[in-house]
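What's in entry_37.txt: compact mmCIF, C-alpha atoms
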```
# COMPACT_ATOMS: atom_id res chain seq x y z
CA MET A 2 111.25 14.08 -20.29
CA THR A 3 110.42 11.54 -22.94
CA THR A 4 108.16 12.70 -25.69
CA ILE A 5 105.90 10.08 -27.10
CA PRO A 6 106.04 10.22 -30.82
CA SER A 7 102.94 11.45 -32.43
CA ASN A 8 100.69 8.64 -33.57
CA PRO A 9 98.48 9.52 -36.50
CA LEU A 10 95.77 7.11 -35.28
CA ARG A 11 95.68 8.57 -31.76
CA ARG A 12 95.58 12.08 -33.09
CA SER A 13 92.75 11.16 -35.35
CA ALA A 14 90.75 9.70 -32.40
CA ALA A 15 91.45 12.73 -30.22
CA THR A 16 90.20 15.18 -32.76
CA SER A 17 87.14 13.30 -33.93
CA ALA A 18 83.66 13.87 -32.42
CA PHE A 19 81.76 11.24 -30.39
CA THR A 20 80.80 8.18 -32.31
CA LEU A 21 77.19 7.05 -32.25
CA ILE A 22 78.08 4.21 -29.88
CA GLU A 23 79.81 6.57 -27.46
CA ALA A 24 76.87 8.93 -27.51
CA LEU A 25 74.47 6.03 -26.89
CA VAL A 26 76.53 4.70 -24.01
CA ALA A 27 76.72 8.17 -22.45
CA SER A 28 72.97 8.68 -22.86
CA THR A 29 72.25 5.25 -21.40
CA LEU A 30 74.45 5.93 -18.38
CA LEU A 31 72.81 9.31 -17.82
CA GLY A 32 69.37 7.71 -18.21
CA MET A 33 70.25 5.00 -15.69
CA VAL A 34 71.41 7.56 -13.15
CA VAL A 35 68.25 9.64 -13.60
CA LEU A 36 66.09 6.51 -13.33
CA ALA A 37 67.92 5.42 -10.18
CA VAL A 38 67.37 8.81 -8.57
CA ILE A 39 63.68 8.87 -9.52
CA SER A 40 63.27 5.30 -8.30
CA ALA A 41 64.91 6.15 -4.96
CA VAL A 42 62.67 9.18 -4.49
CA THR A 43 59.56 7.20 -5.43
CA THR A 44 60.46 4.38 -3.04
CA SER A 45 61.13 6.85 -0.25
CA GLN A 46 57.77 8.52 -0.80
CA GLN A 47 56.01 5.16 -0.94
CA LEU A 48 57.60 4.14 2.37
CA SER A 49 56.67 7.47 3.89
CA PHE A 50 53.07 7.03 2.74
CA GLU A 51 53.00 3.51 4.20
CA GLY A 52 54.30 4.89 7.49
CA GLN A 53 51.58 7.51 7.57
CA LYS A 54 48.98 4.86 6.82
CA GLN A 55 50.28 2.77 9.72
CA ILE A 56 49.93 5.72 12.11
CA LEU A 57 46.41 6.46 10.91
CA ALA A 58 45.50 2.77 11.06
CA ALA A 59 46.63 2.52 14.68
CA MET A 60 44.55 5.57 15.53
CA ALA A 61 41.50 4.28 13.65
CA ALA A 62 41.75 0.92 15.45
CA ASP A 63 41.98 2.59 18.86
CA ASP A 64 39.07 4.85 17.96
CA LEU A 65 36.73 2.01 17.09
CA MET A 66 37.76 0.05 20.16
CA ALA A 67 37.14 3.14 22.32
CA GLU A 68 33.61 3.35 20.94
CA LEU A 69 32.93 -0.37 21.33
CA VAL A 70 34.08 -0.75 24.93
CA VAL A 71 31.59 1.82 26.21
CA LEU A 72 28.60 0.04 24.64
CA ASP A 73 26.51 -2.02 26.98
CA TYR A 74 27.01 -5.76 26.79
CA GLU A 75 24.01 -6.61 24.60
CA ASN A 76 24.67 -3.77 22.16
CA LEU A 77 28.28 -4.84 21.89
CA LYS A 78 27.24 -8.37 20.86
CA ILE A 79 25.35 -7.09 17.83
CA LYS A 80 28.41 -5.28 16.53
CA ASP A 81 29.87 -8.60 15.41
CA ASN A 82 30.87 -8.51 11.73
CA LEU A 83 30.80 -4.73 11.63
CA ASP A 84 32.52 -3.85 8.38
CA GLN A 85 33.44 -0.45 7.02
CA PRO A 86 34.88 -0.64 3.50
CA VAL A 87 38.10 1.08 2.51
CA GLY A 88 37.48 4.78 2.00
CA SER A 89 34.28 5.02 4.00
CA ILE A 90 35.10 4.59 7.66
CA GLN A 91 32.89 6.40 10.13
CA THR A 92 32.19 6.57 13.82
CA LEU A 93 29.49 4.33 15.28
CA SER A 94 27.21 7.36 15.38
CA GLY A 95 27.68 7.83 11.62
CA ASN A 96 30.17 10.69 11.45
CA ALA A 97 32.49 10.35 8.48
CA TYR A 98 36.22 10.47 9.04
CA THR A 99 38.34 13.22 7.49
CA ALA A 100 40.00 12.81 4.10
CA THR A 101 43.26 11.66 5.71
CA ALA A 102 41.65 8.26 6.33
CA TRP A 103 40.71 7.71 2.68
CA ALA A 104 42.89 4.61 2.32
CA LEU A 105 41.54 2.76 5.37
CA GLY A 106 38.77 0.27 6.06
CA ARG A 107 37.79 -1.30 9.42
CA ARG A 108 36.24 -4.45 10.75
CA ALA A 109 35.11 -5.57 14.19
CA ASP A 110 34.49 -9.13 15.31
CA VAL A 111 32.72 -9.76 18.59
CA THR A 112 32.58 -13.38 19.74
CA GLU A 113 31.58 -15.03 22.99
CA GLN A 114 34.48 -16.59 24.82
CA LEU A 115 35.15 -18.47 28.02
CA LEU A 116 38.44 -17.63 29.67
CA TYR A 117 39.94 -19.96 32.25
CA TYR A 118 42.06 -18.58 35.07
CA PRO A 119 43.99 -21.56 36.51
CA GLU A 120 45.27 -19.59 39.52
CA LEU A 121 41.71 -18.94 40.65
CA ASN A 122 40.25 -22.05 39.03
CA ILE A 123 37.42 -20.06 37.52
CA TRP A 124 35.92 -19.60 34.09
CA VAL A 125 34.93 -16.10 33.00
CA LYS A 126 32.36 -15.65 30.29
CA GLY A 127 32.64 -12.59 28.12
CA LEU A 128 33.10 -11.10 24.68
CA ARG A 129 36.30 -11.09 22.72
CA VAL A 130 36.43 -7.93 20.62
CA VAL A 131 38.86 -7.79 17.71
CA VAL A 132 39.28 -4.63 15.64
CA GLU A 133 41.18 -4.78 12.40
CA VAL A 134 42.14 -1.89 10.14
CA ARG A 135 43.19 -2.56 6.57
CA ASP A 136 43.93 -0.85 3.31
CA ALA A 137 43.05 -2.21 -0.11
CA SER A 138 45.67 -4.95 0.03
CA ARG A 139 46.55 -5.91 3.61
CA THR A 140 45.84 -5.63 7.33
CA LEU A 141 47.58 -2.65 8.90
CA ALA A 142 46.58 -2.88 12.57
CA THR A 143 44.81 -5.38 14.80
CA ILE A 144 43.87 -4.94 18.44
CA GLU A 145 41.73 -7.03 20.72
CA THR A 146 40.29 -6.96 24.18
CA PHE A 147 38.08 -9.07 26.44
CA ILE A 148 34.93 -7.65 28.01
CA PRO A 149 33.62 -9.82 30.87
CA GLU A 150 29.90 -10.40 31.10
CA PRO A 151 28.43 -8.08 33.71
CA PRO A 152 26.90 -9.76 36.77
CA ALA A 153 23.19 -10.46 36.39
CA MET B 10 105.39 17.33 -32.62
CA ASN B 11 103.45 19.31 -35.11
CA THR B 12 100.30 20.87 -33.72
CA SER B 13 99.80 23.43 -36.43
CA PRO B 14 96.10 23.99 -37.19
CA GLN B 15 96.90 23.79 -40.90
CA HIS B 16 97.50 20.06 -40.46
CA ASN B 17 94.20 19.41 -38.69
CA PRO B 18 91.23 21.04 -40.42
CA ALA B 19 88.69 19.30 -38.18
CA ARG B 20 90.06 21.01 -35.07
CA ARG B 21 90.38 24.34 -36.72
CA ARG B 22 86.79 24.58 -37.79
CA ALA B 23 84.58 26.38 -35.25
CA LEU B 24 80.83 25.92 -34.75
CA THR B 25 78.59 27.78 -37.12
CA VAL B 26 76.07 30.20 -35.65
CA LEU B 27 73.27 27.78 -36.45
CA GLU B 28 75.08 24.90 -34.72
CA LEU B 29 75.80 27.08 -31.75
CA LEU B 30 72.17 28.21 -31.50
CA LEU B 31 70.97 24.64 -31.83
CA ALA B 32 73.38 23.41 -29.17
CA THR B 33 72.39 26.25 -26.85
CA ALA B 34 68.69 25.61 -27.42
CA ILE B 35 69.09 21.88 -26.69
CA THR B 36 71.13 22.61 -23.57
CA VAL B 37 68.54 25.12 -22.35
CA ILE B 38 65.63 22.74 -23.01
CA ALA B 39 67.41 19.86 -21.29
CA GLY B 40 68.36 22.12 -18.37
CA MET B 41 64.81 23.39 -18.00
CA ALA B 42 63.39 19.88 -18.11
CA LEU B 43 65.85 18.68 -15.49
CA SER B 44 65.21 21.76 -13.38
CA ALA B 45 61.43 21.21 -13.60
CA VAL B 46 61.82 17.58 -12.56
CA LEU B 47 64.10 18.46 -9.65
CA THR B 48 61.78 21.28 -8.51
CA THR B 49 58.78 18.96 -8.57
CA VAL B 50 60.68 16.26 -6.71
CA ALA B 51 61.90 18.78 -4.12
CA ARG B 52 58.38 20.19 -3.68
CA ASN B 53 56.92 16.71 -3.28
CA ILE B 54 59.56 15.76 -0.75
CA THR B 55 58.94 18.95 1.23
CA ALA B 56 55.16 18.44 1.15
CA ASP B 57 55.60 14.83 2.16
CA THR B 58 57.92 15.74 5.02
CA ASP B 59 55.50 18.43 6.21
CA SER B 60 52.57 16.08 6.01
CA ARG B 61 54.43 13.34 7.89
CA SER B 62 55.56 15.77 10.54
CA ALA B 63 52.02 17.12 10.97
CA LEU B 64 50.62 13.61 11.23
CA THR B 65 53.25 12.61 13.77
CA ARG B 66 52.35 15.64 15.89
CA ALA B 67 48.65 14.82 15.57
CA HIS B 68 49.36 11.27 16.68
CA ALA B 69 51.39 12.50 19.64
CA ALA B 70 48.51 14.79 20.64
CA TYR B 71 46.08 11.89 20.27
CA VAL B 72 48.10 9.53 22.45
CA ARG B 73 48.74 12.16 25.12
CA LEU B 74 45.12 13.26 25.17
CA ARG B 75 44.03 9.64 25.44
CA ALA B 76 46.20 9.29 28.52
CA TYR B 77 43.84 11.81 30.13
CA THR B 78 40.52 10.77 28.59
CA GLU B 79 40.77 7.02 29.14
CA PRO B 80 40.91 7.10 32.95
CA ALA B 81 38.69 10.22 33.14
CA LEU B 82 35.15 10.00 34.43
CA CYS B 83 33.40 12.52 32.20
CA LEU B 84 33.54 15.63 30.09
CA LEU B 85 32.59 18.50 32.38
CA GLN B 86 32.50 21.37 29.95
CA ASN B 87 33.06 22.02 26.28
CA ASP B 88 33.76 25.47 24.94
CA ASN B 89 35.26 25.31 21.45
CA GLN B 90 36.45 28.91 21.77
CA ARG B 91 38.68 27.96 24.71
CA GLY B 92 38.88 24.22 25.28
CA PHE B 93 37.26 21.60 27.45
CA ALA B 94 37.38 20.33 31.01
CA LEU B 95 37.64 16.72 32.14
CA TRP B 96 36.78 15.18 35.48
CA LEU B 97 39.88 13.06 35.82
CA ASP B 98 39.06 11.12 38.97
CA ASP B 99 37.08 11.24 42.18
CA LYS B 100 39.87 10.85 44.73
CA LYS B 101 37.69 12.07 47.57
CA ARG B 102 34.96 9.55 46.66
CA SER B 103 32.49 12.40 47.16
CA ASN B 104 30.87 12.19 43.71
CA THR B 105 31.52 15.90 43.44
CA VAL B 106 34.11 17.69 41.34
CA ASN B 107 36.95 19.07 43.40
CA LEU B 108 39.47 21.55 42.07
CA ARG B 109 42.36 19.10 41.89
CA GLU B 110 40.25 16.57 39.99
CA ILE B 111 39.81 18.86 36.98
CA ARG B 112 41.97 18.86 33.89
CA ALA B 113 41.47 21.86 31.64
CA VAL B 114 42.51 21.19 28.06
CA TRP B 115 43.15 24.48 26.29
CA THR B 116 42.78 23.94 22.56
CA ASN B 117 42.71 27.49 21.31
CA ASN B 118 45.99 28.94 22.57
CA PRO B 119 47.34 31.85 20.49
CA ASP B 120 50.69 30.09 20.07
CA GLY B 121 49.06 27.07 18.39
CA THR B 122 49.63 24.67 21.28
CA ILE B 123 47.24 22.39 23.11
CA THR B 124 47.93 22.40 26.82
CA VAL B 125 46.54 20.61 29.85
CA GLU B 126 46.29 22.55 33.08
CA ARG B 127 45.64 21.30 36.59
CA VAL B 128 45.40 22.81 40.04
CA ALA B 129 48.54 22.23 42.10
CA PHE B 130 48.76 24.01 45.42
CA PRO B 131 52.23 25.02 46.61
CA ASP B 132 54.28 22.11 47.97
CA ALA B 133 55.14 24.26 50.99
CA TRP B 134 51.51 24.18 52.12
CA PRO B 135 50.67 21.59 54.78
CA LYS B 136 48.56 18.70 53.53
CA GLU B 137 45.54 19.87 55.56
CA LEU B 138 45.64 23.30 53.93
CA GLN B 139 45.95 21.71 50.50
CA ASP B 140 42.98 19.45 51.21
CA ASP B 141 40.91 22.31 52.57
CA SER B 142 41.67 24.42 49.52
CA ASP B 143 40.62 21.57 47.24
CA VAL B 144 37.01 22.71 47.35
CA ALA B 145 34.10 21.01 45.62
CA LEU B 146 32.50 22.86 42.73
CA SER B 147 28.87 22.68 41.70
CA SER B 148 28.22 20.50 38.68
CA GLY B 149 27.06 23.56 36.73
CA ALA B 150 30.20 25.59 37.42
CA ASP B 151 32.32 27.18 34.73
CA PHE B 152 35.29 24.88 35.26
CA LEU B 153 37.51 26.57 32.68
CA SER B 154 37.02 29.99 34.28
CA GLU B 155 37.70 28.46 37.68
CA MET B 156 41.00 27.15 36.33
CA LEU B 157 41.85 30.67 35.13
CA VAL B 158 41.17 32.02 38.63
CA GLN B 159 43.51 29.41 40.09
CA ARG B 160 46.11 30.24 37.45
CA LYS B 161 45.92 33.92 38.42
CA ASN B 162 46.68 32.88 41.99
CA GLY B 163 49.66 30.86 40.75
CA TYR B 164 48.15 27.53 41.80
CA THR B 165 48.22 25.68 38.48
CA ARG B 166 50.66 23.67 36.44
CA SER B 167 50.51 23.16 32.73
CA GLU B 168 51.83 20.61 30.23
CA THR B 169 51.94 20.95 26.47
CA LEU B 170 50.29 18.14 24.53
CA CYS B 171 51.03 19.35 21.04
CA ASP B 172 52.17 22.37 19.06
CA GLU B 173 51.60 23.76 15.57
CA VAL B 174 47.85 23.20 15.81
CA ALA B 175 45.75 25.23 13.37
CA SER B 176 42.44 24.36 14.99
CA ALA B 177 40.83 21.84 17.30
CA HIS B 178 37.18 21.04 17.60
CA LEU B 179 35.32 18.81 20.03
CA GLU B 180 31.87 17.36 19.33
CA HIS B 181 29.54 15.08 21.25
CA ASP B 182 26.07 13.75 20.55
CA THR B 183 24.48 14.69 23.87
CA ILE B 184 23.04 18.04 24.91
CA ASN B 185 24.97 18.05 28.16
CA PRO B 186 28.68 17.24 27.79
CA ARG B 187 28.59 15.39 31.12
CA ASP B 188 26.28 12.76 29.59
CA ALA B 189 28.63 12.00 26.70
CA ALA B 190 30.45 8.69 27.06
CA VAL B 191 32.08 9.28 23.68
CA PHE B 192 33.31 12.44 22.00
CA ARG B 193 34.95 13.29 18.72
CA PHE B 194 37.98 15.53 18.56
CA THR B 195 39.12 16.92 15.22
CA LEU B 196 42.64 18.29 14.98
CA THR B 197 43.86 20.35 12.06
CA MET B 198 47.60 20.76 12.05
CA ASN B 199 49.66 23.61 10.67
CA ASP B 200 51.85 22.89 7.69
CA ARG B 201 53.03 24.84 4.67
CA SER B 202 50.64 23.17 2.23
CA ASP B 203 47.36 24.55 0.99
CA HIS B 204 45.55 21.62 2.58
CA PRO B 205 46.78 21.11 6.14
CA PRO B 206 45.98 17.62 7.39
CA SER B 207 42.90 17.23 9.54
CA VAL B 208 42.49 14.17 11.73
CA LEU B 209 39.31 12.98 13.40
CA THR B 210 39.83 11.04 16.62
CA VAL B 211 37.36 9.41 18.98
CA HIS B 212 37.70 9.29 22.75
CA SER B 213 35.52 7.56 25.28
CA PHE B 214 35.12 7.23 29.02
CA PRO B 215 35.00 3.52 29.89
CA ASN B 216 34.39 4.48 33.54
CA HIS B 217 31.82 7.12 32.69
CA LEU B 218 30.36 8.78 35.77
CA THR B 219 28.52 12.08 36.13
CA PRO B 220 29.05 14.24 39.22
CA ASN B 221 26.29 15.33 41.57
```
Is it possible to express this structure as structure tokens?
Amino acid sequence: MTTIPSNPLRRSAATSAFTLIEALVASTLLGMVVLAVISAVTTSQQLSFEGQKQILAAMAADDLMAELVVLDYENLKIKDNLDQPVGSIQTLSGNAYTATAWALGRRADVTEQLLYYPELNIWVKGLRVVVEVRDASRTLATIETFIPEPPA
Amino acid sequence: MNTSPQHNPARRRALTVLELLLATAITVIAGMALSAVLTTVARNITADTDSRSALTRAHAAYVRLRAYTEPALCLLQNDNQRGFALWLDDKKRSNTVNLREIRAVWTNNPDGTITVERVAFPDAWPKELQDDSDVALSSGADFLSEMLVQRKNGYTRSETLCDEVASAHLEHDTINPRDAAVFRFTLTMNDRSDHPPSVLTVHSFPNHLTPN
């Protein structure tokens, strides 16, 4: 076995404490790791929250559509431009939603439309109902349906 | 190689009590801070997972319940202590409610589930016997109790819509549930938090029809 001769410089480095630079580098690395972990957790929670909002938005959109489609034709027309701001959505009869829907707002647009069916060569007059659910920054869910005008 | 401590005073010198106490105190403070952060993060993740799980179950219940309410004709009975009954269809075109046309939604089961029950006569019965047993009920009947009678006879089948439900509550704006074309259904789910999520949903009967 070869023994490396003792080097006074190496021995000095081995026995000395951390230098300021070493301590700073170590602290920086530790800080970066902690920040990365916190950032990952925060991002994961943000994504989870967005997912929950999407579920609630889909339900809120279906809810409003369910209420609109049972209105009679003339009452449905006057629901055009129905707007419920973010944080204050309610049923058409005025019942407030639970706190889980605090981040959601809704809008309904009801417009007259003529649909052409080429197979039958007929035009059908009716109302196009579009329901949109949004949060403070973007649209989360949109659904639409067509309600034909009832026969006179 | 000379490793005698006499030649290396820096290595020989131990920590003083003060240094040791200081180092210990710093380590403890740093450890406690890290532990507090990790505990908070873990608690938040658990709460978030619980909340997401509860919401997913609520959504599943909503979708499955909608599969019954959307084609249904009307709400026959509402008893928030037990559940509610739907008139699913009028297969006999009689405008009366027959046993097999009822769906009983039990919202207050002791095991925290919401179940849907229907009358299903034994497959071994001839069709005529099944049809004859499918009697019409009066519009003022207690449909939920009638379902319990059929269950006692072994003539019902049941499906679970959702589990881990803390409470469920149905409301409508009409005096008679049969006249309600729209109803509100509030589900509160079980989770380990102090504030279990509660979700309001709205259901309607696009083909609303009241029985004779």
Distance in Å - CA of Phe19 (chain A) versus CA of Val46 (chain B): 27.5 Å
Per residue of chain B within 8 Å of chain A, record the nearest atom pair and its distance in Å to one decimal, counting all atoms listed in the file, with rows in chain order and ascending residue number, as CSV.
```
residue,atom,partner,partner_atom,distance
B:Met10,CA,A:Ser7,CA,6.4
B:Ala19,CA,A:Thr16,CA,7.0
B:Arg20,CA,A:Thr16,CA,6.3
B:Val50,CA,A:Val42,CA,7.7
B:Ile54,CA,A:Gln46,CA,7.5
B:Asp57,CA,A:Gln46,CA,7.3
B:Arg61,CA,A:Gln53,CA,6.5
B:Leu64,CA,A:Gln53,CA,7.2
B:Thr65,CA,A:Ile56,CA,7.8
B:His68,CA,A:Ile56,CA,7.2
B:Ala190,CA,A:Val71,CA,7.0
B:Val191,CA,A:Glu68,CA,6.7
B:Pro206,CA,A:Thr101,CA,6.8
B:Ser207,CA,A:Thr99,CA,6.4
B:Val208,CA,A:Thr99,CA,6.0
B:Leu209,CA,A:Tyr98,CA,5.9
B:Thr210,CA,A:Asp64,CA,6.4
B:Val211,CA,A:Asp64,CA,5.0
B:His212,CA,A:Ala67,CA,6.2
B:Ser213,CA,A:Ala67,CA,5.6
B:Phe214,CA,A:Val71,CA,7.0
B:Pro215,CA,A:Val71,CA,5.3
```
What's around Val111 (chain A) at 9 Å? Count all atoms listed in the file, leave out sequence neighbours fewer than 2 positions away in its own chain, and write the answer as number ranges by chain. A: 77-83, 109, 113, 128-132
Selected residue, from B:Leu170, B:Ala175, B:Val37, B:Val114, that lies nearest to Pro205 (chain B) when counting only C-alpha atoms: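 Among the listed residues, B:Ala175 lies closest to Pro205 (chain B).
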Can you tell me which residues surround Arg112 (chain B) at a distance of at most 12 Å, considering all atoms listed in the file, apart from same-chain residues fewer than 5 positions away, and format the answer as a VMD selection string? chain B and resid 74 76 to 78 80 to 86 92 to 98 106 to 107 124 to 129 152 to 153 155 to 157 165 to 168
For CA of Ala177 (chain B) and CA of Asn89 (chain B), the interatomic separation in Å (one decimal): 7.8 Å
For Ile123 (chain B), list every protein, DNA or RNA residue within 8 Å, evaluated using all atoms listed in the file, and leave out those in the same chain fewer than 2 positions away; present the list as an NGL selection string. :B and (114-118 or 121 or 125 or 169-172 or 174)
For the selection you just gave me, I'd like the residues written to a file as a JSON list (two decimals), in the coordinates of the input, keeping C-alpha atoms.
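Printed below is again.json as written:
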```json
[["chain", "number", "residue", "atom", "x", "y", "z"],
["B", 114, "VAL", "CA", 42.51, 21.19, 28.06],
["B", 115, "TRP", "CA", 43.15, 24.48, 26.29],
["B", 116, "THR", "CA", 42.78, 23.94, 22.56],
["B", 117, "ASN", "CA", 42.71, 27.49, 21.31],
["B", 118, "ASN", "CA", 45.99, 28.94, 22.57],
["B", 121, "GLY", "CA", 49.06, 27.07, 18.39],
["B", 125, "VAL", "CA", 46.54, 20.61, 29.85],
["B", 169, "THR", "CA", 51.94, 20.95, 26.47],
["B", 170, "LEU", "CA", 50.29, 18.14, 24.53],
["B", 171, "CYS", "CA", 51.03, 19.35, 21.04],
["B", 172, "ASP", "CA", 52.17, 22.37, 19.06],
["B", 174, "VAL", "CA", 47.85, 23.20, 15.81]]
```
Computed interatomic separation between CA of Pro86 (chain A) and CA of Phe194 (chain B) (Å): 22.3 Å
List the spatial neighbours of Tyr164 (chain B) as a list in words - criterion: any atom at most 7 Å away, all atoms listed in the file, same-chain residues fewer than 2 positions off excluded.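 The filter keeps Val128, Ala129, Phe130, Pro131, Gln159, Arg160 and Asn162 of chain B.
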Within-6 Å shell of (34.6, 15.3, 22.1) in input frame, all atoms listed in the file, as an NGL selection string: :B and (179-181 or 192-194)
Missing atoms in region 103-120 of chain B should be modelled up to N, CA and C atoms and reported as a tab-separated table (two decimals), keeping the file's coordinate frame.
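Wrote it out as selection28.tsv, contents follow:
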```tsv
chain	number	residue	atom	x	y	z
B	103	SER	N	33.61	11.57	46.71
B	103	SER	CA	32.49	12.40	47.16
B	103	SER	C	31.42	12.53	46.08
B	104	ASN	N	31.73	12.03	44.88
B	104	ASN	CA	30.87	12.19	43.71
B	104	ASN	C	30.65	13.67	43.36
B	105	THR	N	31.54	14.49	43.84
B	105	THR	CA	31.52	15.90	43.44
B	105	THR	C	32.88	16.23	42.82
B	106	VAL	N	32.87	17.31	42.03
B	106	VAL	CA	34.11	17.69	41.34
B	106	VAL	C	34.91	18.64	42.21
B	107	ASN	N	36.07	18.20	42.62
B	107	ASN	CA	36.95	19.07	43.40
B	107	ASN	C	38.01	19.68	42.48
B	108	LEU	N	38.54	20.79	42.93
B	108	LEU	CA	39.47	21.55	42.07
B	108	LEU	C	40.60	20.70	41.49
B	109	ARG	N	41.20	19.87	42.34
B	109	ARG	CA	42.36	19.10	41.89
B	109	ARG	C	41.99	17.92	40.99
B	110	GLU	N	40.69	17.69	40.85
B	110	GLU	CA	40.25	16.57	39.99
B	110	GLU	C	39.96	17.03	38.56
B	111	ILE	N	40.12	18.31	38.32
B	111	ILE	CA	39.81	18.86	36.98
B	111	ILE	C	41.08	18.91	36.14
B	112	ARG	N	40.91	18.60	34.87
B	112	ARG	CA	41.97	18.86	33.89
B	112	ARG	C	41.38	19.74	32.80
B	113	ALA	N	41.93	20.94	32.68
B	113	ALA	CA	41.47	21.86	31.64
B	113	ALA	C	42.36	21.68	30.42
B	114	VAL	N	41.75	21.36	29.31
B	114	VAL	CA	42.51	21.19	28.06
B	114	VAL	C	42.26	22.43	27.20
B	115	TRP	N	43.28	23.23	27.05
B	115	TRP	CA	43.15	24.48	26.29
B	115	TRP	C	43.53	24.21	24.85
B	116	THR	N	42.54	24.32	23.97
B	116	THR	CA	42.78	23.94	22.56
B	116	THR	C	42.92	25.14	21.64
B	117	ASN	N	42.72	26.32	22.18
B	117	ASN	CA	42.71	27.49	21.31
B	117	ASN	C	43.76	28.51	21.75
B	118	ASN	N	44.92	28.03	22.13
B	118	ASN	CA	45.99	28.94	22.57
B	118	ASN	C	46.52	29.75	21.39
B	119	PRO	N	46.85	31.03	21.60
B	119	PRO	CA	47.34	31.85	20.49
B	119	PRO	C	48.64	31.34	19.86
B	120	ASP	N	49.43	30.59	20.64
B	120	ASP	CA	50.69	30.09	20.07
B	120	ASP	C	50.54	28.75	19.36
```
